[in-house]
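Trainee: Sharing query.cif below, mmCIF, C-alpha atoms:
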data_query
loop_
_atom_site.label_atom_id
_atom_site.label_comp_id
_atom_site.auth_asym_id
_atom_site.auth_seq_id
_atom_site.Cartn_x
_atom_site.Cartn_y
_atom_site.Cartn_z
CA MET A 29 86.42 26.79 74.38
CA ALA A 30 87.86 25.22 71.27
CA LYS A 31 91.24 24.23 72.65
CA ASN A 32 91.04 20.79 71.03
CA MET A 33 90.87 22.36 67.57
CA THR A 34 93.80 23.30 65.35
CA LEU A 35 93.62 25.29 62.15
CA LEU A 36 96.61 25.80 59.86
CA TRP A 37 95.88 28.63 57.48
CA GLY A 38 97.29 31.25 55.15
CA SER A 39 96.36 34.93 55.03
CA GLY A 40 94.08 35.88 52.13
CA SER A 41 93.26 32.31 51.13
CA PRO A 42 89.49 32.18 50.56
CA PRO A 43 89.25 28.47 51.52
CA CYS A 44 91.00 29.17 54.84
CA TRP A 45 88.86 32.21 55.45
CA ARG A 46 85.68 30.13 55.03
CA VAL A 47 86.66 27.86 57.90
CA MET A 48 87.64 30.83 60.08
CA ILE A 49 84.26 32.50 59.54
CA ALA A 50 82.45 29.24 60.37
CA LEU A 51 84.49 28.87 63.58
CA GLU A 52 83.63 32.45 64.61
CA GLU A 53 79.94 32.02 63.81
CA LYS A 54 79.76 28.82 65.86
CA GLY A 55 81.36 30.55 68.86
CA LEU A 56 84.51 28.43 68.61
CA GLN A 57 87.06 31.13 69.35
CA GLY A 58 90.22 30.10 71.17
CA TYR A 59 91.21 27.33 68.76
CA ASN A 60 94.86 26.74 68.12
CA SER A 61 95.44 29.08 65.18
CA ARG A 62 98.61 28.58 63.12
CA LEU A 63 99.17 31.24 60.49
CA LEU A 64 101.59 29.94 57.83
CA SER A 65 103.23 31.84 55.02
CA PHE A 66 102.74 30.56 51.47
CA ASP A 67 106.46 29.84 51.14
CA LYS A 68 107.02 26.29 50.02
CA GLU A 69 108.91 25.57 53.23
CA GLU A 70 105.94 26.32 55.43
CA ILE A 71 103.12 25.02 53.24
CA LYS A 72 104.91 21.79 52.38
CA SER A 73 106.13 21.31 55.95
CA GLN A 74 105.75 18.18 58.07
CA GLU A 75 103.33 20.10 60.29
CA VAL A 76 100.95 20.44 57.33
CA PHE A 77 101.48 16.91 56.00
CA ASN A 78 100.76 15.49 59.45
CA ILE A 79 97.20 16.71 59.07
CA ASN A 80 96.75 17.03 55.32
CA PRO A 81 98.24 14.54 52.83
CA ARG A 82 97.64 17.11 50.08
CA GLY A 83 100.07 19.56 51.71
CA GLN A 84 97.57 22.40 51.59
CA VAL A 85 95.83 24.83 53.87
CA PRO A 86 93.34 24.92 55.41
CA SER A 87 94.30 21.92 57.50
CA PHE A 88 91.86 21.40 60.33
CA LYS A 89 91.81 19.02 63.23
CA HIS A 90 89.23 18.59 65.99
CA GLY A 91 90.49 16.12 68.56
CA ASP A 92 91.40 13.12 66.41
CA VAL A 93 89.04 14.08 63.61
CA ILE A 94 90.55 15.66 60.51
CA VAL A 95 88.50 17.69 58.02
CA ASN A 96 90.67 19.70 55.66
CA GLU A 97 88.50 20.61 52.71
CA SER A 98 86.97 24.00 53.47
CA TYR A 99 83.37 23.14 52.55
CA ALA A 100 83.70 19.87 54.46
CA ALA A 101 84.93 21.68 57.59
CA CYS A 102 82.05 24.16 57.40
CA PHE A 103 79.45 21.38 57.08
CA TYR A 104 81.16 19.44 59.85
CA LEU A 105 81.21 22.38 62.27
CA GLU A 106 77.56 23.20 61.62
CA SER A 107 76.58 19.58 62.16
CA GLN A 108 78.64 19.06 65.33
CA PHE A 109 77.68 22.39 66.92
CA LYS A 110 74.14 22.69 65.64
CA SER A 111 72.68 24.45 68.65
CA GLN A 112 75.69 26.68 69.30
CA GLY A 113 76.23 30.14 67.82
CA THR A 114 74.63 31.07 64.50
CA LYS A 115 72.37 28.47 62.90
CA LEU A 116 73.95 28.22 59.45
CA ILE A 117 71.49 25.90 57.67
CA PRO A 118 67.96 27.36 57.57
CA ASP A 119 64.92 25.16 58.25
CA SER A 120 62.65 26.38 55.48
CA THR A 121 62.71 24.20 52.37
CA GLU A 122 63.03 27.17 50.02
CA GLU A 123 65.88 28.86 51.86
CA GLN A 124 67.69 25.57 52.33
CA ALA A 125 67.41 24.70 48.65
CA LEU A 126 68.68 28.13 47.65
CA MET A 127 71.53 27.88 50.17
CA TYR A 128 72.71 24.55 48.74
CA GLN A 129 72.34 25.77 45.18
CA ARG A 130 74.34 28.97 45.78
CA MET A 131 77.01 27.16 47.85
CA PHE A 132 77.86 24.85 44.99
CA GLU A 133 77.61 27.50 42.33
CA GLY A 134 80.07 29.26 44.63
CA LEU A 135 82.71 26.70 43.69
CA THR A 136 82.34 27.61 40.02
CA PHE A 137 82.47 31.28 40.97
CA TYR A 138 85.70 30.71 42.90
CA ASP A 139 87.22 28.63 40.08
CA LYS A 140 86.47 31.35 37.55
CA LEU A 141 88.03 33.97 39.84
CA THR A 142 91.20 31.98 40.48
CA ALA A 143 91.59 31.12 36.78
CA VAL A 144 92.16 34.87 36.30
CA ILE A 145 93.95 36.08 39.40
CA PHE A 146 96.13 33.00 39.96
CA TYR A 147 96.73 32.23 36.28
CA GLU A 148 100.50 32.57 36.64
CA TYR A 149 100.46 30.34 39.70
CA TYR A 150 98.49 27.57 37.95
CA VAL A 151 100.02 27.69 34.47
CA PRO A 152 103.76 27.18 33.86
CA GLU A 153 105.45 30.10 32.10
CA ASP A 154 105.96 28.36 28.76
CA GLU A 155 102.28 27.41 28.56
CA ARG A 156 100.81 30.87 29.15
CA LEU A 157 98.72 32.36 26.38
CA ALA A 158 97.10 35.76 26.01
CA SER A 159 94.07 34.09 24.39
CA ALA A 160 93.55 31.89 27.48
CA VAL A 161 93.74 34.89 29.80
CA LYS A 162 91.18 36.68 27.64
CA ARG A 163 88.92 33.62 27.68
CA HIS A 164 89.15 33.30 31.47
CA LYS A 165 88.35 37.00 31.91
CA GLU A 166 85.28 36.67 29.71
CA ALA A 167 84.13 33.63 31.69
CA LEU A 168 84.57 35.54 34.95
CA SER A 169 82.65 38.50 33.57
CA ALA A 170 79.73 36.23 32.55
CA GLU A 171 79.82 34.61 36.00
CA LEU A 172 79.75 38.00 37.72
CA LYS A 173 76.65 38.96 35.76
CA LEU A 174 74.88 35.85 37.04
CA TRP A 175 75.65 36.78 40.65
CA GLU A 176 74.57 40.39 40.11
CA GLY A 177 71.28 38.94 38.89
CA TYR A 178 70.95 36.63 41.90
CA LEU A 179 71.53 39.51 44.32
CA HIS A 180 69.13 41.70 42.39
CA LYS A 181 66.48 39.01 42.81
CA THR A 182 66.97 38.44 46.56
CA GLY A 183 66.85 42.22 47.01
CA SER A 184 68.74 44.92 48.82
CA GLY A 185 70.28 44.08 52.19
CA SER A 186 69.73 40.37 51.71
CA ASN A 187 72.14 37.50 52.28
CA LEU A 188 72.76 35.02 49.47
CA ALA A 189 69.98 32.59 50.36
CA GLY A 190 67.51 35.10 51.74
CA LYS A 191 67.04 36.79 55.10
CA SER A 192 69.39 34.61 57.15
CA PHE A 193 73.15 34.49 57.07
CA THR A 194 73.89 30.88 56.02
CA LEU A 195 76.68 28.55 54.93
CA ALA A 196 76.31 30.09 51.46
CA ASP A 197 77.58 33.41 52.85
CA VAL A 198 80.29 31.67 54.87
CA VAL A 199 81.78 30.07 51.78
CA ILE A 200 81.13 32.77 49.17
CA PHE A 201 81.90 36.01 51.01
CA PRO A 202 85.67 35.35 50.83
CA THR A 203 85.37 35.07 47.03
CA VAL A 204 83.51 38.38 46.87
CA ALA A 205 86.02 40.12 49.14
CA THR A 206 88.87 38.78 46.99
CA LEU A 207 87.22 40.16 43.85
CA PHE A 208 87.26 43.67 45.32
CA ARG A 209 90.77 43.24 46.75
CA PHE A 210 91.88 42.51 43.18
CA GLY A 211 90.27 45.62 41.79
CA LEU A 212 86.70 44.76 40.77
CA SER A 213 84.64 47.89 40.17
CA GLU A 214 81.80 48.43 42.65
CA LYS A 215 80.27 50.77 40.08
CA ARG A 216 80.03 48.07 37.42
CA TYR A 217 78.92 45.43 39.93
CA PRO A 218 76.75 47.42 42.36
CA ARG A 219 74.87 44.45 43.87
CA LEU A 220 78.07 42.63 44.67
CA GLY A 221 79.45 45.91 46.03
CA GLU A 222 76.43 46.30 48.28
CA TYR A 223 76.67 42.70 49.50
CA TYR A 224 80.37 43.21 50.19
CA ALA A 225 79.72 46.42 52.16
CA LEU A 226 76.96 44.74 54.16
CA LEU A 227 78.95 41.70 55.24
CA ARG A 228 82.39 43.20 55.74
CA GLU A 229 81.09 44.71 58.97
CA ARG A 230 79.84 41.40 60.35
CA PRO A 231 81.77 40.48 63.52
CA SER A 232 82.82 36.98 62.34
CA ILE A 233 84.18 38.47 59.14
CA LYS A 234 85.94 41.41 60.77
CA ALA A 235 87.53 39.07 63.31
CA SER A 236 88.93 36.86 60.56
CA TRP A 237 89.91 39.56 58.04
CA PRO A 238 93.20 38.60 56.30
CA PRO A 239 95.97 40.17 58.39
CA HIS A 240 98.08 41.16 55.38
CA TRP A 241 95.11 43.02 53.92
CA LEU A 242 94.94 45.03 57.13
CA GLU A 243 98.67 45.76 57.03
CA ASN A 244 98.58 46.82 53.42
CA THR A 245 95.15 48.15 52.52
CA LYS A 246 95.99 48.62 48.84
CA GLY A 247 95.10 45.62 46.71
CA GLN A 248 95.89 44.73 43.10
CA ASP A 249 94.28 46.04 39.94
CA THR A 250 94.10 42.70 38.08
CA LEU A 251 90.31 42.89 37.72
CA ASN A 252 89.75 46.57 37.03
CA ASP A 253 88.99 45.96 33.34
CA ILE A 254 86.42 43.22 34.02
CA MET B 6 55.81 8.81 44.19
CA ALA B 7 58.01 11.59 42.88
CA LYS B 8 55.71 12.95 40.21
CA ASN B 9 56.39 16.55 41.24
CA MET B 10 60.09 16.15 40.44
CA THR B 11 61.77 16.71 37.10
CA LEU B 12 65.34 15.85 36.21
CA LEU B 13 66.95 16.86 32.93
CA TRP B 14 70.09 14.81 32.39
CA GLY B 15 72.65 13.49 29.92
CA SER B 16 73.88 9.91 29.64
CA GLY B 17 77.37 9.36 31.11
CA SER B 18 77.58 12.74 32.84
CA PRO B 19 78.94 12.07 36.35
CA PRO B 20 77.13 15.10 37.86
CA CYS B 21 73.80 13.88 36.45
CA TRP B 22 74.48 10.35 37.62
CA ARG B 23 75.05 11.57 41.20
CA VAL B 24 71.55 13.02 41.37
CA MET B 25 70.04 9.88 39.83
CA ILE B 26 71.74 7.65 42.43
CA ALA B 27 70.52 9.91 45.24
CA LEU B 28 66.94 9.77 43.88
CA GLU B 29 67.10 5.96 43.72
CA GLU B 30 68.54 5.66 47.22
CA LYS B 31 65.85 7.90 48.66
CA GLY B 32 63.10 5.81 47.03
CA LEU B 33 62.11 8.62 44.68
CA GLN B 34 61.52 6.58 41.55
CA GLY B 35 58.85 7.79 39.17
CA TYR B 36 60.18 11.30 38.76
CA ASN B 37 59.81 12.98 35.41
CA SER B 38 63.05 11.90 33.74
CA ARG B 39 64.14 13.80 30.62
CA LEU B 40 67.19 12.34 28.92
CA LEU B 41 68.81 14.96 26.68
CA SER B 42 71.58 14.51 24.15
CA PHE B 43 74.68 16.68 24.51
CA ASP B 44 74.00 18.39 21.20
CA LYS B 45 74.00 22.12 21.60
CA GLU B 46 70.38 22.27 20.51
CA GLU B 47 69.17 20.13 23.38
CA ILE B 48 71.52 21.30 26.13
CA LYS B 49 71.11 24.97 25.31
CA SER B 50 67.34 24.62 24.80
CA GLN B 51 64.66 26.72 26.42
CA GLU B 52 63.59 23.66 28.42
CA VAL B 53 66.99 23.65 30.15
CA PHE B 54 67.23 27.43 30.57
CA ASN B 55 63.77 27.48 32.16
CA ILE B 56 65.25 25.57 35.09
CA ASN B 57 68.95 26.32 34.87
CA PRO B 58 70.31 29.76 33.90
CA ARG B 59 73.70 28.12 33.28
CA GLY B 60 72.25 25.99 30.46
CA GLN B 61 73.65 22.78 31.94
CA VAL B 62 72.50 19.40 33.13
CA PRO B 63 71.65 18.19 35.66
CA SER B 64 68.71 20.54 35.97
CA PHE B 65 66.45 19.52 38.81
CA LYS B 66 63.11 20.79 40.00
CA HIS B 67 60.98 19.66 42.93
CA GLY B 68 57.64 21.45 42.87
CA ASP B 69 58.69 25.10 42.65
CA VAL B 70 62.10 24.49 44.18
CA ILE B 71 65.10 24.38 41.84
CA VAL B 72 68.41 22.77 42.80
CA ASN B 73 70.67 22.22 39.81
CA GLU B 74 74.17 21.72 41.16
CA SER B 75 74.66 18.00 41.65
CA TYR B 76 76.10 18.14 45.18
CA ALA B 77 73.40 20.63 46.15
CA ALA B 78 70.64 18.33 44.86
CA CYS B 79 72.10 15.37 46.79
CA PHE B 80 72.25 17.35 50.05
CA TYR B 81 68.78 18.72 49.43
CA LEU B 82 67.24 15.28 48.80
CA GLU B 83 68.88 13.80 51.90
CA SER B 84 67.66 16.69 54.00
CA GLN B 85 64.09 16.71 52.66
CA PHE B 86 63.64 12.92 52.76
CA LYS B 87 65.72 12.14 55.83
CA SER B 88 63.66 9.22 57.06
CA GLN B 89 62.94 7.74 53.63
CA GLY B 90 65.12 5.18 51.84
CA THR B 91 68.83 4.95 52.61
CA LYS B 92 70.16 7.26 55.32
CA LEU B 93 73.00 8.95 53.43
CA ILE B 94 74.63 11.00 56.21
CA PRO B 95 75.89 8.79 59.07
CA ASP B 96 75.36 9.82 62.69
CA SER B 97 78.77 8.98 64.07
CA THR B 98 81.13 11.94 64.26
CA GLU B 99 84.05 10.05 62.71
CA GLU B 100 82.11 8.65 59.75
CA GLN B 101 80.43 11.98 59.14
CA ALA B 102 83.73 13.85 59.18
CA LEU B 103 85.26 11.34 56.77
CA MET B 104 82.21 11.52 54.53
CA TYR B 105 82.41 15.31 54.25
CA GLN B 106 86.16 15.20 53.73
CA ARG B 107 85.97 12.62 50.93
CA MET B 108 82.98 14.30 49.27
CA PHE B 109 84.87 17.53 48.80
CA GLU B 110 88.12 15.87 47.84
CA GLY B 111 85.85 14.18 45.30
CA LEU B 112 85.49 17.49 43.48
CA THR B 113 89.26 17.70 43.04
CA PHE B 114 89.28 14.08 41.90
CA TYR B 115 86.60 14.83 39.30
CA ASP B 116 88.38 17.99 38.14
CA LYS B 117 91.61 16.09 37.63
CA LEU B 118 89.79 13.40 35.68
CA THR B 119 87.97 15.83 33.41
CA ALA B 120 91.14 17.87 32.80
CA VAL B 121 92.44 14.74 31.03
CA ILE B 122 89.42 13.12 29.39
CA PHE B 123 87.62 16.32 28.39
CA TYR B 124 90.75 18.32 27.54
CA GLU B 125 89.65 18.88 23.96
CA TYR B 126 86.24 19.95 25.10
CA TYR B 127 87.60 22.53 27.55
CA VAL B 128 90.55 23.90 25.60
CA PRO B 129 90.17 25.52 22.17
CA GLU B 130 92.20 23.83 19.44
CA ASP B 131 94.77 26.58 19.04
CA GLU B 132 95.54 26.56 22.77
CA ARG B 133 96.19 22.83 23.15
CA LEU B 134 99.67 21.81 24.28
CA ALA B 135 101.24 18.38 24.70
CA SER B 136 103.00 19.63 27.84
CA ALA B 137 99.67 20.56 29.42
CA VAL B 138 98.19 17.13 28.64
CA LYS B 139 101.25 15.51 30.22
CA ARG B 140 100.93 17.74 33.29
CA HIS B 141 97.24 16.89 33.68
CA LYS B 142 97.96 13.17 33.36
CA GLU B 143 100.63 13.37 36.05
CA ALA B 144 98.25 15.24 38.33
CA LEU B 145 95.57 12.59 37.77
CA SER B 146 98.05 9.82 38.48
CA ALA B 147 99.08 11.46 41.79
CA GLU B 148 95.41 11.89 42.68
CA LEU B 149 94.67 8.22 41.94
CA LYS B 150 97.44 7.17 44.30
CA LEU B 151 95.84 9.18 47.09
CA TRP B 152 92.51 7.39 46.57
CA GLU B 153 94.19 3.99 46.39
CA GLY B 154 95.69 4.84 49.77
CA TYR B 155 92.35 5.93 51.22
CA LEU B 156 90.67 2.70 50.12
CA HIS B 157 93.59 0.68 51.44
CA LYS B 158 93.09 2.35 54.81
CA THR B 159 89.32 1.83 55.04
CA GLY B 160 89.89 -1.81 54.05
CA SER B 161 88.47 -4.34 51.68
CA GLY B 162 84.74 -4.24 50.96
CA SER B 163 84.34 -0.83 52.55
CA ASN B 164 82.55 2.21 51.27
CA LEU B 165 84.40 5.51 51.07
CA ALA B 166 83.57 6.76 54.54
CA GLY B 167 83.46 3.39 56.28
CA LYS B 168 80.84 0.70 56.67
CA SER B 169 77.83 2.64 55.42
CA PHE B 170 77.04 3.76 51.90
CA THR B 171 76.94 7.57 52.18
CA LEU B 172 76.74 10.75 50.14
CA ALA B 173 80.48 10.32 49.52
CA ASP B 174 79.74 7.18 47.49
CA VAL B 175 76.80 8.83 45.76
CA VAL B 176 78.95 11.65 44.42
CA ILE B 177 82.26 9.83 43.83
CA PHE B 178 81.19 6.48 42.37
CA PRO B 179 80.34 8.11 39.00
CA THR B 180 83.90 9.46 38.85
CA VAL B 181 85.33 6.01 39.54
CA ALA B 182 83.09 4.36 36.95
CA THR B 183 84.12 6.98 34.40
CA LEU B 184 87.80 6.26 35.08
CA PHE B 185 87.31 2.61 34.16
CA ARG B 186 85.08 3.45 31.20
CA PHE B 187 88.00 5.52 29.88
CA GLY B 188 90.44 2.68 30.24
CA LEU B 189 92.00 2.89 33.71
CA SER B 190 93.83 -0.31 34.61
CA GLU B 191 92.27 -2.31 37.45
CA LYS B 192 95.62 -4.04 37.82
CA ARG B 193 97.49 -0.82 38.52
CA TYR B 194 94.69 0.54 40.71
CA PRO B 195 93.39 -2.57 42.46
CA ARG B 196 91.63 -0.83 45.36
CA LEU B 197 89.70 1.41 43.03
CA GLY B 198 88.95 -1.67 40.91
CA GLU B 199 87.60 -3.49 43.93
CA TYR B 200 85.49 -0.52 45.00
CA TYR B 201 84.13 -0.25 41.45
CA ALA B 202 83.26 -3.96 41.34
CA LEU B 203 81.55 -3.75 44.74
CA LEU B 204 79.32 -0.80 43.97
CA ARG B 205 78.46 -1.45 40.33
CA GLU B 206 76.09 -4.17 41.53
CA ARG B 207 74.24 -1.89 43.92
CA PRO B 208 70.59 -1.52 42.82
CA SER B 209 70.57 2.30 42.77
CA ILE B 210 73.66 2.29 40.58
CA LYS B 211 72.48 -0.45 38.23
CA ALA B 212 69.14 1.30 37.82
CA SER B 213 70.85 4.54 36.81
CA TRP B 214 73.69 3.10 34.68
CA PRO B 215 74.35 5.36 31.66
CA PRO B 216 72.17 3.98 28.86
CA HIS B 217 74.77 4.54 26.15
CA TRP B 218 77.30 2.54 28.18
CA LEU B 219 74.83 -0.36 28.15
CA GLU B 220 74.27 -0.02 24.41
CA ASN B 221 77.97 0.12 23.65
CA THR B 222 79.93 -1.69 26.34
CA LYS B 223 83.31 -0.77 24.89
CA GLY B 224 84.73 2.41 26.36
CA GLN B 225 87.73 4.55 25.41
CA ASP B 226 91.41 3.93 26.08
CA THR B 227 92.34 7.51 27.03
CA LEU B 228 93.57 6.47 30.47
CA ASN B 229 95.29 3.17 29.76
CA ASP B 230 98.76 4.69 30.17
CA ILE B 231 97.99 6.33 33.52
#
Output the file's structure as structure tokens, nothing else.

Mentor:
Amino acid sequence: MAKNMTLLWGSGSPPCWRVMIALEEKGLQGYNSRLLSFDKEEIKSQEVFNINPRGQVPSFKHGDVIVNESYAACFYLESQFKSQGTKLIPDSTEEQALMYQRMFEGLTFYDKLTAVIFYEYYVPEDERLASAVKRHKEALSAELKLWEGYLHKTGSGSNLAGKSFTLADVVIFPTVATLFRFGLSEKRYPRLGEYYALLRERPSIKASWPPHWLENTKGQDTLNDI
Amino acid sequence: MAKNMTLLWGSGSPPCWRVMIALEEKGLQGYNSRLLSFDKEEIKSQEVFNINPRGQVPSFKHGDVIVNESYAACFYLESQFKSQGTKLIPDSTEEQALMYQRMFEGLTFYDKLTAVIFYEYYVPEDERLASAVKRHKEALSAELKLWEGYLHKTGSGSNLAGKSFTLADVVIFPTVATLFRFGLSEKRYPRLGEYYALLRERPSIKASWPPHWLENTKGQDTLNDI
């Protein structure tokens, strides 16, 4: 079905996961799926650079067309396969506006998450500071409160932009799942916990669940004091 | 024409400028334009929080619909006013794919720019390190080389995604203009210089040029060693 598509990806990478969910939702199973490890050798390999000059995953190719940025690939797939699978951009003005708004707030959400959980990856050892870690944790905590409020407002059992599952869920669910994988408390963040429980059972999400999370179901406790 | 729209914005903010260019391109002049200073009092005012819980500009309202994130507002305006003004998402698969790809790389581009020019704004005084500034400048320099390459590939006189002016130009031109405002060398980055010279004359961009850049035409020299 999607034999002319190739996705290079890494397990547990939220940007990669976004593209995989979009592919599932659009009924594009059967693409050429290349799971890479995050070792420098694999990520900075010629295979990756042939598609992505940034040497990053996801790297995505459809025929001769290359769309590597995860949000870009999701928009592209929805646009090219509009009438196939799940419709990921709602028609109603209100839902569409909310979808766009949440999608792009989702980038801030993801940045604030990674500033905490990937701090040691981003910041060289001799530049690391306890005060910066504390600051990033406080920023993440404030961000989480915003999202709890958003989910409180849309109501129980709702997706991020309302009744329908949209691109906002495609791109933000992997952030939410990563929060809980890294120890976020469902008790302190009940709305996010409920959203997580609702969507983790969705077929597209189950089908693309990070394989190393399945192998080792115990996550980290980095976020259990947030 | 656009009397039911309100935009709160700050002069010289690339995210605000994106929305202003999109409004111009879609023929939506006449919106309620509220220029705020970046003083805490104005940015963290009730007027801003009434529209934007993050207390940031741009803050944008269309009737009862709120779309504050700059990329979200651009997508929203193109979707709601598809047949009005400039068509900002091309039909051809290749141009569309390239547009999405560049748009989202544009966020990385902007992040790498702001990590250098707004370093003192983002990082508290007692956490600032010369090694971090050096690292951010190197990252920006590598990023600039990528964009020089992209513009070399699309060819002289081209927009970012090809022949047409698209959402990629709407969201990335303000980053490019900011680079030169902060002293980037057109000699060392000739393709970016050419792109800047081409688009700065475009009516939507002239009409929305940051007023304090017009008042004081001399910029900073932060980037003249990049």

Trainee: Please define a box with edges along x, y and z of the file around all atoms of region 78-84 of chain A given in the file, extend it by 5 Å on each side, and return its centre and edge lengths in Å to one decimal, as lines of an AutoDock Vina configuration file.

Mentor:
center_x = 98.8
center_y = 18.5
center_z = 54.8
size_x = 14.0
size_y = 17.9
size_z = 19.4

Trainee: Would you pick out the contacts of Leu116 (chain A) at 12 Å or less, using only C-alpha atoms, so that residues sharing its chain but fewer than 2 positions from it are not included, and give the list as a PyMOL selection string?

Mentor: chain A and resi 49-54+102-114+118-119+123-124+127-128+187+189+191-199

Trainee: Can you write out the residues you just picked, keeping C-alpha atoms, as a tab-separated table (two decimals), in the coordinates of the input?

Mentor:
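part_29.tsv, freshly written:
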chain	number	residue	atom	x	y	z
A	49	ILE	CA	84.26	32.50	59.54
A	50	ALA	CA	82.45	29.24	60.37
A	51	LEU	CA	84.49	28.87	63.58
A	52	GLU	CA	83.63	32.45	64.61
A	53	GLU	CA	79.94	32.02	63.81
A	54	LYS	CA	79.76	28.82	65.86
A	102	CYS	CA	82.05	24.16	57.40
A	103	PHE	CA	79.45	21.38	57.08
A	104	TYR	CA	81.16	19.44	59.85
A	105	LEU	CA	81.21	22.38	62.27
A	106	GLU	CA	77.56	23.20	61.62
A	107	SER	CA	76.58	19.58	62.16
A	108	GLN	CA	78.64	19.06	65.33
A	109	PHE	CA	77.68	22.39	66.92
A	110	LYS	CA	74.14	22.69	65.64
A	111	SER	CA	72.68	24.45	68.65
A	112	GLN	CA	75.69	26.68	69.30
A	113	GLY	CA	76.23	30.14	67.82
A	114	THR	CA	74.63	31.07	64.50
A	118	PRO	CA	67.96	27.36	57.57
A	119	ASP	CA	64.92	25.16	58.25
A	123	GLU	CA	65.88	28.86	51.86
A	124	GLN	CA	67.69	25.57	52.33
A	127	MET	CA	71.53	27.88	50.17
A	128	TYR	CA	72.71	24.55	48.74
A	187	ASN	CA	72.14	37.50	52.28
A	189	ALA	CA	69.98	32.59	50.36
A	191	LYS	CA	67.04	36.79	55.10
A	192	SER	CA	69.39	34.61	57.15
A	193	PHE	CA	73.15	34.49	57.07
A	194	THR	CA	73.89	30.88	56.02
A	195	LEU	CA	76.68	28.55	54.93
A	196	ALA	CA	76.31	30.09	51.46
A	197	ASP	CA	77.58	33.41	52.85
A	198	VAL	CA	80.29	31.67	54.87
A	199	VAL	CA	81.78	30.07	51.78

Trainee: Can you tell me which residues surround region 214-221 of chain A at a distance of at most 7 Å, considering only C-alpha atoms, apart from same-chain residues fewer than 5 positions away, and format the answer as a ChimeraX atom specification?

Mentor: /A:176,179-180

Trainee: Figure out the distance between CA of Phe109 (chain B) and CA of Ser236 (chain A), please, to one decimal in Å.

Mentor: 23.0 Å

Trainee: Identify, on the basis of only C-alpha atoms, every residue whose closest approach to Ser16 (chain B) does not exceed 12 Å; exclude the query and any residue fewer than 2 positions from it along the same chain; express the result as a ChimeraX atom specification.

Mentor: /B:13-14,18-23,25,38-44,62-63,179,183,213-220

Trainee: At a cut-off of 12 Å around the point (85.9, 14.3, 27.1) (file coordinates), what residues fall inside when counting all atoms listed in the file? I'd like the answer as a VMD selection string.

Mentor: chain B and resid 17 to 19 43 116 118 to 128 183 to 184 186 to 187 224 to 228

Trainee: So what do you get for CA of Ala30 (chain A) versus CA of Tyr224 (chain A), distance-wise?

Mentor: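 We find that CA of Ala30 (chain A) and CA of Tyr224 (chain A) lie 28.7 Å from each other.
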
Trainee: What is the distance between CA of Lys181 (chain A) and CA of Asn57 (chain B), in Å to one decimal?

Mentor: 15.2 Å

Trainee: Just checking: using all atoms listed in the file, which residue out of A:Ser232, A:Asn78, A:Ser73, A:Thr34 ends up closest to Tyr59 (chain A)?

Mentor: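 Looking at the shortest contact to Tyr59 (chain A), the residue is A:Thr34.
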
Trainee: Counting all atoms listed in the file, what is within 9 Å of Gly162 (chain B), bar same-chain residues fewer than 3 positions away, as a count of residues only?

Mentor: 5
